[in-house]
Amino acid sequence: MLPGARLFIDSVNLVTGPGAASGKTTFTRNAIAAVHGQNRSVAVLAVGLEGDRAAGVGAGALPGIATGSSAGFSARGFAGAGSIKNTLPAASKFLFQPGDVFMTTSAYLEAADCQPEILDVLPGSSALGRLALARARRSGSAALVGTEHNEYLALAVSRILENQWASTIFIDGALNRITQAASVGNAQLFYCARVSRSECKSLIDKMRYLLELLSLPLYRSDTDRGEDKAVFIDGALTDSVADRLCNIDGIVVVRDFSRIFLDPQAFRRFGGSAKICVRNRVQFGGFSIILRSISKDEFEKLAGSELTEKIVSWNTWEGGENQNAEA
């Protein structure tokens, strides 16, 4: 099975990539199937309004939610509107097994045929209605819709783990939208990309930079020298912040790698004077590569062994093959 279940079980799996059509959702579906093959349940979340991608549903025509506690709500009572099965976007539709948990919205709960049980209602709302965590009570499908707010994504993950609704979580989303979830314990990142010959060099550079960020040392106050000079950045390390700290010769500490918004040149220039550390380190699970107009041998030669040994799957859209992954 592609890829191997051992890579994902009992972890928060952040699946990301450089933009749309990079293979994130296909990789996530394959990973879920692998975990299901081990008779394990999963929780699946998305980042952003995945359900709005192709639904063609206007926000003004969408249902709301009755006020009150989420406990005891049925899917029909939560949605409060007729079925919209015909509008479900294929890219956001997932197959679930009994016991799986997923995030969706009031607009899509009634359309889900997995007999969803509402576990929790999240704060705020989206253009598609209130967001909820639901559990499948039978095999079937449902559309994922994610929160636009990173802090709500982190809240959903923490509630799933604290309530033991699932121990294996998948988050399908863009790299710059997982900043809060990246700080959750036992999180690991998978990076999916589609590459052609013309874009090969650019992608390889991005892959190397990502590994560089993920390799930043963990800050330890009891062992790091220059602790008295440490500067803690609560937000993002941007160009303007780096300019203000250009004369720092001690330690600069960010929450995690996803808080660094510098291009590779600016990052290496800034790191030449200051030691950059992270408070939370995200493990790297591996790359998933889809090849277009370039052969695997050619890509491996250009990428080198450091990158290729971290590739866990190739060509997932075509059934692919396992690489460096055990079932």
# chains A, B, ... in the order shown; residues from 1 in each chain; ligands from 1
>>> select_by_dssp(residues="region 183-255 of chain A", states="strand (DSSP E or B)", output="JSON list (two decimals) with C-alpha atoms, in the first residue's frame")
[["chain", "number", "residue", "atom", "x", "y", "z"],
["A", 187, "ALA", "CA", 3.80, 16.62, 14.61],
["A", 188, "GLN", "CA", 5.57, 15.61, 11.43],
["A", 189, "LEU", "CA", 5.59, 17.22, 8.02],
["A", 190, "PHE", "CA", 5.19, 15.63, 4.60],
["A", 191, "TYR", "CA", 5.94, 17.74, 1.54],
["A", 192, "CYS", "CA", 4.27, 16.87, -1.77],
["A", 193, "ALA", "CA", 5.36, 18.33, -5.09],
["A", 194, "ARG", "CA", 4.81, 17.89, -8.80],
["A", 195, "VAL", "CA", 7.94, 18.52, -10.81],
["A", 196, "SER", "CA", 8.70, 19.01, -14.49],
["A", 218, "LEU", "CA", 15.80, 23.18, 19.58],
["A", 231, "VAL", "CA", 15.71, 37.25, 21.67],
["A", 232, "PHE", "CA", 12.31, 35.52, 21.57],
["A", 233, "ILE", "CA", 10.05, 36.24, 18.61],
["A", 237, "LEU", "CA", 10.58, 36.26, 11.48],
["A", 251, "ILE", "CA", 20.36, 33.56, 19.92],
["A", 252, "VAL", "CA", 17.10, 34.31, 18.13],
["A", 253, "VAL", "CA", 14.28, 31.96, 19.08],
["A", 254, "VAL", "CA", 11.11, 31.42, 17.02]]
>>> residues_around(residues="Arg137 (chain A)", least_positions_apart="6", cutoff="8 Å", atoms="only C-alpha atoms", output="compact mmCIF listing (two decimals) with C-alpha atoms, in the first residue's frame")
# COMPACT_ATOMS: atom_id res chain seq x y z
CA GLN A 97 -14.69 4.31 8.13
CA PRO A 98 -16.74 4.04 11.35
CA GLY A 99 -14.90 5.89 14.12
CA CYS A 114 -21.31 8.35 6.70
CA GLN A 115 -24.02 9.08 9.31
CA PRO A 116 -21.98 11.75 11.11
CA GLU A 117 -22.17 12.27 14.84
>>> residues_around(residues="Ser158 (chain A)", least_positions_apart="6", cutoff="12 Å", atoms="only C-alpha atoms", output="list in words")
Val12, Ala43, Leu122, Leu133, Glu151, Tyr152, Gln164, Trp165, Ala166, Ser167, Ile169, Gln180, Ala181, Ala182, Ser183, Val184, Gly185, Asn186 and Ala187 of chain A
>>> closest_residue(among="A:Ile118, A:Ala132, A:Leu245, A:Val42", to="Ser106 (chain A)", atoms="only C-alpha atoms")
A:Ala132
>>> select_by_dssp(residues="region 73-308 of chain A", states="alpha helix (DSSP H)", output="number ranges by chain")
A: 75-79, 106-109, 150-162, 200-214, 239-244, 264-271, 296-303, 305-308
>>> write_last_selection(atoms="C-alpha atoms", output="short mmCIF file (atom, residue, chain, number, x, y, z; two decimals), in the first residue's frame")
data_model
loop_
_atom_site.label_atom_id
_atom_site.label_comp_id
_atom_site.auth_asym_id
_atom_site.auth_seq_id
_atom_site.Cartn_x
_atom_site.Cartn_y
_atom_site.Cartn_z
CA ALA A 75 -26.55 16.29 11.35
CA ARG A 76 -29.95 17.38 10.02
CA GLY A 77 -30.57 19.72 12.93
CA PHE A 78 -27.10 21.22 12.63
CA ALA A 79 -27.33 21.89 8.90
CA SER A 106 -23.02 22.98 8.55
CA ALA A 107 -23.58 23.29 4.81
CA TYR A 108 -22.24 19.79 4.18
CA LEU A 109 -23.23 17.77 7.24
CA ASN A 150 -4.67 28.81 12.37
CA GLU A 151 -5.51 28.99 16.07
CA TYR A 152 -8.81 27.17 15.47
CA LEU A 153 -6.95 24.46 13.59
CA ALA A 154 -4.69 23.99 16.61
CA LEU A 155 -7.75 23.98 18.86
CA ALA A 156 -9.36 21.22 16.78
CA VAL A 157 -6.19 19.11 16.99
CA SER A 158 -5.93 19.56 20.75
CA ARG A 159 -9.58 18.61 21.29
CA ILE A 160 -9.21 15.48 19.20
CA LEU A 161 -6.15 14.39 21.16
CA GLU A 162 -7.40 15.40 24.61
CA CYS A 200 13.22 20.94 -11.38
CA LYS A 201 16.01 23.21 -10.15
CA SER A 202 13.59 25.58 -8.43
CA LEU A 203 11.83 22.72 -6.64
CA ILE A 204 15.10 21.13 -5.52
CA ASP A 205 16.15 24.49 -4.04
CA LYS A 206 12.83 24.65 -2.12
CA MET A 207 13.30 21.11 -0.84
CA ARG A 208 16.81 21.86 0.41
CA TYR A 209 15.65 25.05 2.12
CA LEU A 210 12.79 23.21 3.81
CA LEU A 211 15.20 20.62 5.21
CA GLU A 212 17.43 23.45 6.41
CA LEU A 213 14.53 25.03 8.32
CA LEU A 214 13.39 21.71 9.77
CA ASP A 239 12.49 40.75 6.52
CA SER A 240 11.59 43.79 8.64
CA VAL A 241 12.16 41.90 11.89
CA ALA A 242 15.47 40.55 10.59
CA ASP A 243 16.56 44.07 9.66
CA ARG A 244 15.88 45.29 13.20
CA PRO A 264 16.83 31.38 1.55
CA GLN A 265 19.37 34.15 0.91
CA ALA A 266 17.98 36.40 3.65
CA PHE A 267 17.76 33.46 6.06
CA ARG A 268 21.38 32.44 5.53
CA ARG A 269 22.56 36.03 5.73
CA PHE A 270 20.72 36.55 9.01
CA GLY A 271 21.93 33.20 10.35
CA LYS A 296 13.11 9.41 -11.90
CA ASP A 297 16.80 8.75 -12.62
CA GLU A 298 17.29 12.27 -13.95
CA PHE A 299 15.58 13.83 -10.96
CA GLU A 300 17.57 11.75 -8.48
CA LYS A 301 20.83 12.74 -10.17
CA LEU A 302 19.98 16.43 -9.96
CA ALA A 303 18.63 16.25 -6.39
CA SER A 305 21.31 11.50 -2.25
CA GLU A 306 20.54 13.86 0.67
CA LEU A 307 17.14 14.66 -0.81
CA THR A 308 16.26 11.43 -2.58
#
>>> atom_distance(atom1="CA of Lys229 (chain A)", atom2="CA of Gly250 (chain A)")
5.2 Å
